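Content type PDB, C-alpha atoms, from the file input24.pdb:
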ATOM      1  CA  MET A   1     -23.241 -11.008   8.225
ATOM      2  CA  GLU A   2     -21.298  -7.975   6.941
ATOM      3  CA  LYS A   3     -23.310  -5.613   4.726
ATOM      4  CA  TRP A   4     -21.197  -6.240   1.630
ATOM      5  CA  LEU A   5     -21.575  -9.996   2.000
ATOM      6  CA  LEU A   6     -25.321  -9.620   2.419
ATOM      7  CA  PHE A   7     -25.471  -7.453  -0.712
ATOM      8  CA  ALA A   8     -23.620 -10.083  -2.755
ATOM      9  CA  LYS A   9     -25.981 -12.781  -1.510
ATOM     10  CA  GLU A  10     -29.216 -10.872  -2.015
ATOM     11  CA  HIS A  11     -28.405  -9.236  -5.355
ATOM     12  CA  TRP A  12     -26.199 -11.779  -7.120
ATOM     13  CA  GLY A  13     -26.828 -15.054  -5.302
ATOM     14  CA  ILE A  14     -23.205 -15.229  -4.143
ATOM     15  CA  ASP A  15     -23.248 -16.979  -0.769
ATOM     16  CA  LEU A  16     -19.695 -17.177   0.541
ATOM     17  CA  SER A  17     -18.786 -19.918   2.990
ATOM     18  CA  ALA A  18     -17.239 -19.166   6.378
ATOM     19  CA  ALA A  19     -13.847 -20.179   4.983
ATOM     20  CA  GLN A  20     -14.231 -17.840   2.003
ATOM     21  CA  GLN A  21     -15.325 -14.990   4.260
ATOM     22  CA  ALA A  22     -12.230 -15.586   6.404
ATOM     23  CA  MET A  23     -10.036 -15.361   3.287
ATOM     24  CA  PHE A  24     -11.523 -11.999   2.364
ATOM     25  CA  ALA A  25     -10.898 -10.789   5.942
ATOM     26  CA  VAL A  26      -7.215 -11.756   5.650
ATOM     27  CA  TYR A  27      -7.017 -10.114   2.222
ATOM     28  CA  GLU A  28      -8.487  -6.889   3.617
ATOM     29  CA  SER A  29      -6.103  -6.875   6.588
ATOM     30  CA  GLU A  30      -3.012  -7.512   4.462
ATOM     31  CA  LEU A  31      -4.003  -4.894   1.896
ATOM     32  CA  MET A  32      -4.397  -2.230   4.570
ATOM     33  CA  LEU A  33      -1.091  -3.248   6.187
ATOM     34  CA  TRP A  34       0.865  -3.139   2.924
ATOM     35  CA  ASN A  35      -0.800   0.133   1.942
ATOM     36  CA  GLU A  36       0.862   1.759   4.963
ATOM     37  CA  LYS A  37       4.256   0.947   3.420
ATOM     38  CA  MET A  38       3.583   1.448  -0.271
ATOM     39  CA  ASN A  39       0.880   2.863  -2.524
ATOM     40  CA  LEU A  40      -0.858  -0.279  -3.765
ATOM     41  CA  THR A  41      -4.285   1.294  -4.079
ATOM     42  CA  ALA A  42      -5.857   4.697  -3.536
ATOM     43  CA  VAL A  43      -8.712   3.020  -1.654
ATOM     44  CA  ARG A  44      -7.560   2.738   1.953
ATOM     45  CA  ASP A  45     -10.693   2.519   4.114
ATOM     46  CA  THR A  46     -12.480  -0.686   5.038
ATOM     47  CA  GLU A  47     -15.799   0.163   3.397
ATOM     48  CA  GLY A  48     -14.050   1.314   0.235
ATOM     49  CA  ILE A  49     -12.049  -1.906  -0.014
ATOM     50  CA  ARG A  50     -15.142  -4.044   0.468
ATOM     51  CA  ILE A  51     -17.269  -2.203  -2.088
ATOM     52  CA  LYS A  52     -14.820  -0.785  -4.654
ATOM     53  CA  HIS A  53     -12.491  -3.791  -4.663
ATOM     54  CA  PHE A  54     -14.202  -6.930  -3.343
ATOM     55  CA  LEU A  55     -17.780  -6.395  -4.565
ATOM     56  CA  ASP A  56     -16.612  -4.743  -7.764
ATOM     57  CA  SER A  57     -14.458  -7.776  -8.521
ATOM     58  CA  LEU A  58     -17.240 -10.248  -7.750
ATOM     59  CA  THR A  59     -19.570  -8.543 -10.238
ATOM     60  CA  CYS A  60     -17.550 -10.283 -12.955
ATOM     61  CA  ALA A  61     -19.108 -13.604 -11.960
ATOM     62  CA  GLN A  62     -22.448 -12.367 -13.316
ATOM     63  CA  VAL A  63     -21.010 -12.387 -16.824
ATOM     64  CA  LEU A  64     -18.298 -15.061 -16.640
ATOM     65  CA  GLY A  65     -20.419 -17.733 -14.987
ATOM     66  CA  ASP A  66     -18.836 -20.608 -13.077
ATOM     67  CA  MET A  67     -15.065 -20.465 -13.665
ATOM     68  CA  ASN A  68     -14.204 -23.625 -11.747
ATOM     69  CA  GLY A  69     -12.086 -25.868 -13.936
ATOM     70  CA  ARG A  70     -11.332 -23.010 -16.327
ATOM     71  CA  ALA A  71      -8.384 -20.619 -16.762
ATOM     72  CA  LEU A  72      -8.457 -16.855 -16.235
ATOM     73  CA  ILE A  73      -5.752 -14.222 -16.766
ATOM     74  CA  ASP A  74      -6.026 -10.806 -15.100
ATOM     75  CA  ILE A  75      -4.077  -8.077 -16.903
ATOM     76  CA  GLY A  76      -3.012  -4.974 -14.955
ATOM     77  CA  THR A  77      -4.199  -6.649 -11.776
ATOM     78  CA  GLY A  78      -2.671  -4.110  -9.375
ATOM     79  CA  ALA A  79      -3.314  -5.448  -5.868
ATOM     80  CA  GLY A  80      -5.055  -8.530  -7.294
ATOM     81  CA  PHE A  81      -8.374  -7.212  -8.607
ATOM     82  CA  PRO A  82     -10.535  -8.736  -9.903
ATOM     83  CA  GLY A  83      -8.468 -11.959 -10.073
ATOM     84  CA  ILE A  84      -7.981 -12.884  -6.406
ATOM     85  CA  PRO A  85     -11.613 -12.329  -5.318
ATOM     86  CA  LEU A  86     -12.708 -14.468  -8.279
ATOM     87  CA  LYS A  87     -10.221 -17.167  -7.271
ATOM     88  CA  ILE A  88     -11.635 -17.154  -3.734
ATOM     89  CA  LEU A  89     -15.112 -17.527  -5.218
ATOM     90  CA  PHE A  90     -14.030 -20.226  -7.700
ATOM     91  CA  PRO A  91     -11.309 -22.250  -5.929
ATOM     92  CA  GLU A  92     -10.911 -24.703  -8.827
ATOM     93  CA  MET A  93     -10.140 -21.922 -11.313
ATOM     94  CA  ARG A  94      -6.617 -21.582 -12.723
ATOM     95  CA  LEU A  95      -5.444 -17.986 -12.240
ATOM     96  CA  VAL A  96      -2.630 -15.892 -13.681
ATOM     97  CA  LEU A  97      -2.188 -12.337 -12.358
ATOM     98  CA  VAL A  98      -0.161  -9.909 -14.466
ATOM     99  CA  ASP A  99       1.189  -6.453 -13.718
ATOM    100  CA  SER A 100       4.167  -4.458 -14.951
ATOM    101  CA  VAL A 101       4.879  -2.964 -11.494
ATOM    102  CA  GLY A 102       7.117  -5.150  -9.321
ATOM    103  CA  LYS A 103       5.796  -4.117  -5.904
ATOM    104  CA  LYS A 104       2.243  -4.948  -6.952
ATOM    105  CA  VAL A 105       3.318  -8.359  -8.219
ATOM    106  CA  ASP A 106       5.166  -8.931  -4.926
ATOM    107  CA  PHE A 107       1.964  -8.215  -3.006
ATOM    108  CA  CYS A 108      -0.052 -10.539  -5.257
ATOM    109  CA  ARG A 109       2.469 -13.343  -4.741
ATOM    110  CA  HIS A 110       2.289 -12.744  -1.006
ATOM    111  CA  MET A 111      -1.509 -12.995  -1.056
ATOM    112  CA  LEU A 112      -1.545 -16.140  -3.177
ATOM    113  CA  GLU A 113       0.770 -17.773  -0.643
ATOM    114  CA  LYS A 114      -0.980 -16.325   2.403
ATOM    115  CA  LEU A 115      -4.372 -17.562   1.224
ATOM    116  CA  CYS A 116      -2.972 -20.906   0.003
ATOM    117  CA  LEU A 117      -4.495 -20.394  -3.433
ATOM    118  CA  GLN A 118      -3.476 -23.327  -5.613
ATOM    119  CA  ASP A 119      -3.014 -23.232  -9.412
ATOM    120  CA  SER A 120      -2.279 -19.509  -9.206
ATOM    121  CA  LEU A 121       0.626 -17.429 -10.464
ATOM    122  CA  ALA A 122       1.629 -13.741 -10.406
ATOM    123  CA  LEU A 123       3.865 -12.446 -13.192
ATOM    124  CA  GLN A 124       5.657  -9.156 -13.741
ATOM    125  CA  ALA A 125       5.193  -8.745 -17.472
ATOM    126  CA  ARG A 126       3.598  -6.736 -20.282
ATOM    127  CA  ALA A 127       0.448  -7.978 -21.970
ATOM    128  CA  GLU A 128       1.970  -7.514 -25.425
ATOM    129  CA  ASP A 129       4.814  -9.896 -24.593
ATOM    130  CA  LEU A 130       2.503 -12.540 -23.139
ATOM    131  CA  GLY A 131       0.198 -12.332 -26.136
ATOM    132  CA  LEU A 132       3.082 -13.398 -28.390
ATOM    133  CA  ALA A 133       4.417 -16.121 -26.074
ATOM    134  CA  GLU A 134       3.404 -19.690 -26.885
ATOM    135  CA  ALA A 135       2.808 -20.462 -23.195
ATOM    136  CA  HIS A 136       0.108 -17.764 -22.987
ATOM    137  CA  ARG A 137      -1.256 -17.015 -26.458
ATOM    138  CA  GLU A 138      -4.824 -18.307 -26.769
ATOM    139  CA  ARG A 139      -4.430 -20.414 -23.614
ATOM    140  CA  TYR A 140      -7.172 -18.893 -21.442
ATOM    141  CA  ASP A 141     -10.925 -19.224 -21.188
ATOM    142  CA  ALA A 142     -11.231 -15.612 -20.060
ATOM    143  CA  ALA A 143      -9.062 -12.506 -19.822
ATOM    144  CA  VAL A 144     -10.149  -9.650 -17.553
ATOM    145  CA  ALA A 145      -8.999  -6.116 -16.798
ATOM    146  CA  ARG A 146     -10.225  -2.975 -15.106
ATOM    147  CA  ALA A 147      -8.949   0.592 -15.317
ATOM    148  CA  VAL A 148      -6.058  -0.398 -17.575
ATOM    149  CA  ALA A 149      -6.653   1.297 -20.941
ATOM    150  CA  GLY A 150      -9.312   2.381 -23.415
ATOM    151  CA  LEU A 151     -11.238  -0.519 -24.912
ATOM    152  CA  PRO A 152      -9.568  -0.477 -28.380
ATOM    153  CA  VAL A 153      -6.179  -0.838 -26.654
ATOM    154  CA  LEU A 154      -7.507  -3.336 -24.127
ATOM    155  CA  CYS A 155      -8.802  -5.575 -26.905
ATOM    156  CA  GLU A 156      -5.288  -5.834 -28.328
ATOM    157  CA  TYR A 157      -3.961  -6.728 -24.881
ATOM    158  CA  LEU A 158      -6.624  -9.326 -24.037
ATOM    159  CA  LEU A 159      -8.015 -10.995 -27.155
ATOM    160  CA  PRO A 160      -4.705 -12.651 -28.197
ATOM    161  CA  LEU A 161      -4.605 -14.382 -24.795
ATOM    162  CA  VAL A 162      -8.005 -16.036 -25.105
ATOM    163  CA  ARG A 163      -8.813 -19.228 -26.969
ATOM    164  CA  PRO A 164     -11.625 -19.198 -29.555
ATOM    165  CA  GLY A 165     -14.812 -19.899 -27.634
ATOM    166  CA  GLY A 166     -13.602 -17.903 -24.625
ATOM    167  CA  CYS A 167     -14.167 -14.234 -23.863
ATOM    168  CA  ILE A 168     -12.614 -11.043 -22.589
ATOM    169  CA  LEU A 169     -14.195  -8.913 -19.883
ATOM    170  CA  ALA A 170     -13.507  -5.230 -19.300
ATOM    171  CA  GLN A 171     -14.756  -3.401 -16.212
ATOM    172  CA  LYS A 172     -15.648   0.121 -17.263
ATOM    173  CA  GLY A 173     -17.370   3.281 -16.073
ATOM    174  CA  GLU A 174     -19.812   5.626 -17.787
ATOM    175  CA  SER A 175     -17.676   5.763 -20.942
ATOM    176  CA  ALA A 176     -18.401   2.084 -21.690
ATOM    177  CA  PRO A 177     -20.984   2.579 -24.489
ATOM    178  CA  ASP A 178     -18.731   5.053 -26.329
ATOM    179  CA  GLU A 179     -15.664   2.849 -25.843
ATOM    180  CA  ALA A 180     -17.538  -0.181 -27.180
ATOM    181  CA  ALA A 181     -18.404   1.755 -30.339
ATOM    182  CA  GLN A 182     -14.801   2.945 -30.735
ATOM    183  CA  ALA A 183     -13.498  -0.619 -30.360
ATOM    184  CA  GLU A 184     -15.608  -2.234 -33.093
ATOM    185  CA  LYS A 185     -12.784  -2.250 -35.656
ATOM    186  CA  ALA A 186     -10.232  -3.613 -33.173
ATOM    187  CA  ILE A 187     -12.637  -6.321 -32.042
ATOM    188  CA  ARG A 188     -13.262  -7.432 -35.623
ATOM    189  CA  ILE A 189      -9.570  -7.464 -36.587
ATOM    190  CA  LEU A 190      -8.454  -9.298 -33.435
ATOM    191  CA  GLY A 191     -10.976 -12.136 -33.682
ATOM    192  CA  GLY A 192     -13.727 -10.942 -31.375
ATOM    193  CA  GLY A 193     -17.496 -10.973 -31.683
ATOM    194  CA  PRO A 194     -20.141  -8.369 -30.778
ATOM    195  CA  ALA A 195     -19.642  -6.650 -27.423
ATOM    196  CA  ALA A 196     -22.336  -7.053 -24.757
ATOM    197  CA  LEU A 197     -22.702  -4.408 -22.028
ATOM    198  CA  THR A 198     -24.097  -5.284 -18.606
ATOM    199  CA  PRO A 199     -24.808  -2.389 -16.198
ATOM    200  CA  VAL A 200     -23.598  -2.875 -12.629
ATOM    201  CA  ASP A 201     -24.806  -1.203  -9.440
ATOM    202  CA  LEU A 202     -22.754  -1.123  -6.257
ATOM    203  CA  PRO A 203     -24.071   0.064  -2.870
ATOM    204  CA  GLY A 204     -23.396   3.711  -2.126
ATOM    205  CA  LEU A 205     -21.886   4.474  -5.539
ATOM    206  CA  GLU A 206     -23.853   6.680  -7.896
ATOM    207  CA  ASP A 207     -21.595   6.445 -10.929
ATOM    208  CA  ARG A 208     -22.732   3.979 -13.571
ATOM    209  CA  ARG A 209     -20.499   0.965 -14.127
ATOM    210  CA  TYR A 210     -20.517  -1.655 -16.850
ATOM    211  CA  LEU A 211     -19.125  -5.058 -17.636
ATOM    212  CA  ILE A 212     -18.174  -5.337 -21.304
ATOM    213  CA  ARG A 213     -18.006  -8.946 -22.489
ATOM    214  CA  ILE A 214     -16.521  -9.704 -25.892
ATOM    215  CA  PRO A 215     -16.522 -13.303 -27.154
ATOM    216  CA  LYS A 216     -13.496 -14.716 -28.977
ATOM    217  CA  ASP A 217     -14.935 -16.078 -32.218
ATOM    218  CA  ARG A 218     -11.773 -16.938 -34.180
ATOM    219  CA  PRO A 219      -7.979 -16.963 -33.756
ATOM    220  CA  THR A 220      -6.171 -13.637 -33.539
ATOM    221  CA  PRO A 221      -4.181 -13.033 -36.745
ATOM    222  CA  PRO A 222      -0.358 -13.187 -36.648
ATOM    223  CA  GLY A 223       1.220  -9.817 -35.931
ATOM    224  CA  PHE A 224      -1.059  -9.006 -33.009
ATOM    225  CA  PRO A 225      -0.495  -7.847 -30.410
ATOM    226  CA  ARG A 226       2.007  -5.407 -31.809
ATOM    227  CA  ARG A 227       5.252  -4.770 -29.943
ATOM    228  CA  THR A 228       5.248  -3.261 -26.454
ATOM    229  CA  GLY A 229       3.916   0.284 -26.345
ATOM    230  CA  VAL A 230       2.515   0.363 -29.866
ATOM    231  CA  PRO A 231      -1.119  -0.491 -29.000
ATOM    232  CA  SER A 232      -1.352   2.410 -26.564
ATOM    233  CA  ARG A 233       0.374   4.855 -28.923
ATOM    234  CA  MET A 234      -1.478   3.756 -32.054
ATOM    235  CA  PRO A 235      -4.830   2.172 -31.112
ATOM    236  CA  ILE A 236      -6.774   0.311 -33.770
ATOM    237  CA  LEU A 237      -9.577   2.786 -34.537
TER     238      LEU A 237
END

Now that the file is in, can you turn its structure into structure tokens?
Amino acid sequence: MEKWLLFAKEHWGIDLSAAQQAMFAVYESELMLWNEKMNLTAVRDTEGIRIKHFLDSLTCAQVLGDMNGRALIDIGTGAGFPGIPLKILFPEMRLVLVDSVGKKVDFCRHMLEKLCLQDSLALQARAEDLGLAEAHRERYDAAVARAVAGLPVLCEYLLPLVRPGGCILAQKGESAPDEAAQAEKAIRILGGGPAALTPVDLPGLEDRRYLIRIPKDRPTPPGFPRRTGVPSRMPIL
């Protein structure tokens, strides 16, 4: 068994089937192939992909729990992280991948088709627009993102998409505790509950990583998210 697969099994109890392992192998191969043509991700080596993309994505399962039968939206997904690895892990999960960059959405659509992932969709869109659209507002059990924006901004992107009783999950680095403190006002205004930080360790990486889970306690008030670009220019602080 590959080292990264063994790590997931021993540390998190994630035991991938032969079919799931084969899907990750295809994903890895396609990502490296497409990266030769376009800059999908700065991580280009096999070990980096397995640890910084695959394992890093699977850490979300520690906080989200079993997502089978539930709906997840991944904002700023890039080359499909963490959404596609989570879909491989939870095949009965409904998945929507969102990015504003067309070539990244094209790759995600290619992977969804290549891996025959059902109940999955990749959209080129902005989170602010989706948060105001009836088809997406408060329709998801969980909304996730990594390396997209500071947490006060991210809350305005994600919380409007999640139904009360669901949660948002942000993958963050060492700044997570400070960002959680800065986001308290935004969380309260947008309908969220107290943030919970879970430290994450990945093999060979010394930098501290965190999962920030914020429950959705009540509906997001009308008027949020604000129009495209406003949350990033004028965060709720």

Inset, instruction - Kindly give the distance, in Å, that separates CA of Phe90 in chain A and CA of Arg146 in chain A, rounded to a single decimal. - result: 19.2 Å

Inset, instruction - Translate the PyMOL selection byres ((chain A and resi 208-218) around 9), as applied to the file shown, into an explicit residue set as a ChimeraX atom specification. - result: /A:59-60,63-64,155,159,162-177,180,187,190-202,205-207,219-221

Inset, instruction - Could you tell me how far CA of Gly65 in chain A lies from CA of Arg139 in chain A, in Å and to one decimal? - result: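 So the two atoms, CA of Gly65 in chain A and CA of Arg139 in chain A, lie 18.4 Å apart.
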
Legend entry - Residue members of the PyMOL selection byres ((chain A and resi 111) around 10) in the file shown, as a list in words: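 Applied to this file, the PyMOL selection byres ((chain A and resi 111) around 10) selects Met23, Val26, Tyr27, Glu30, Leu31, Ala79, Gly80, Ile84, Val105, Asp106, Phe107, Cys108, Arg109, His110, Leu112, Glu113, Lys114, Leu115, Cys116, Leu117 and Ala122 of chain A.
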
Inset, instruction - Just give me the gap between CA of Glu10 in chain A and CA of Gly69 in chain A in Å, one decimal is fine. - result: 25.7 Å

Inset, instruction - Considering only C-alpha atoms, state which residue in the set A:His53, A:Lys3, A:His11, A:Lys104 is at the smallest distance from Glu28 in chain A. - result: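 Once distances to Glu28 in chain A are computed over only C-alpha atoms, the minimum belongs to A:His53.
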
Legend entry - Hits of the PyMOL selection byres ((chain A and resi 66) around 12) in this structure, as an MDAnalysis selection string: chainID A and resid 14 58 60:65 67:72 86:87 89:93 141:142

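Nearest residue to Glu184 in chain A, choosing from A:Trp12, A:His136, A:Ala143, A:Pro235 and counting all atoms listed in the file: A:Pro235.
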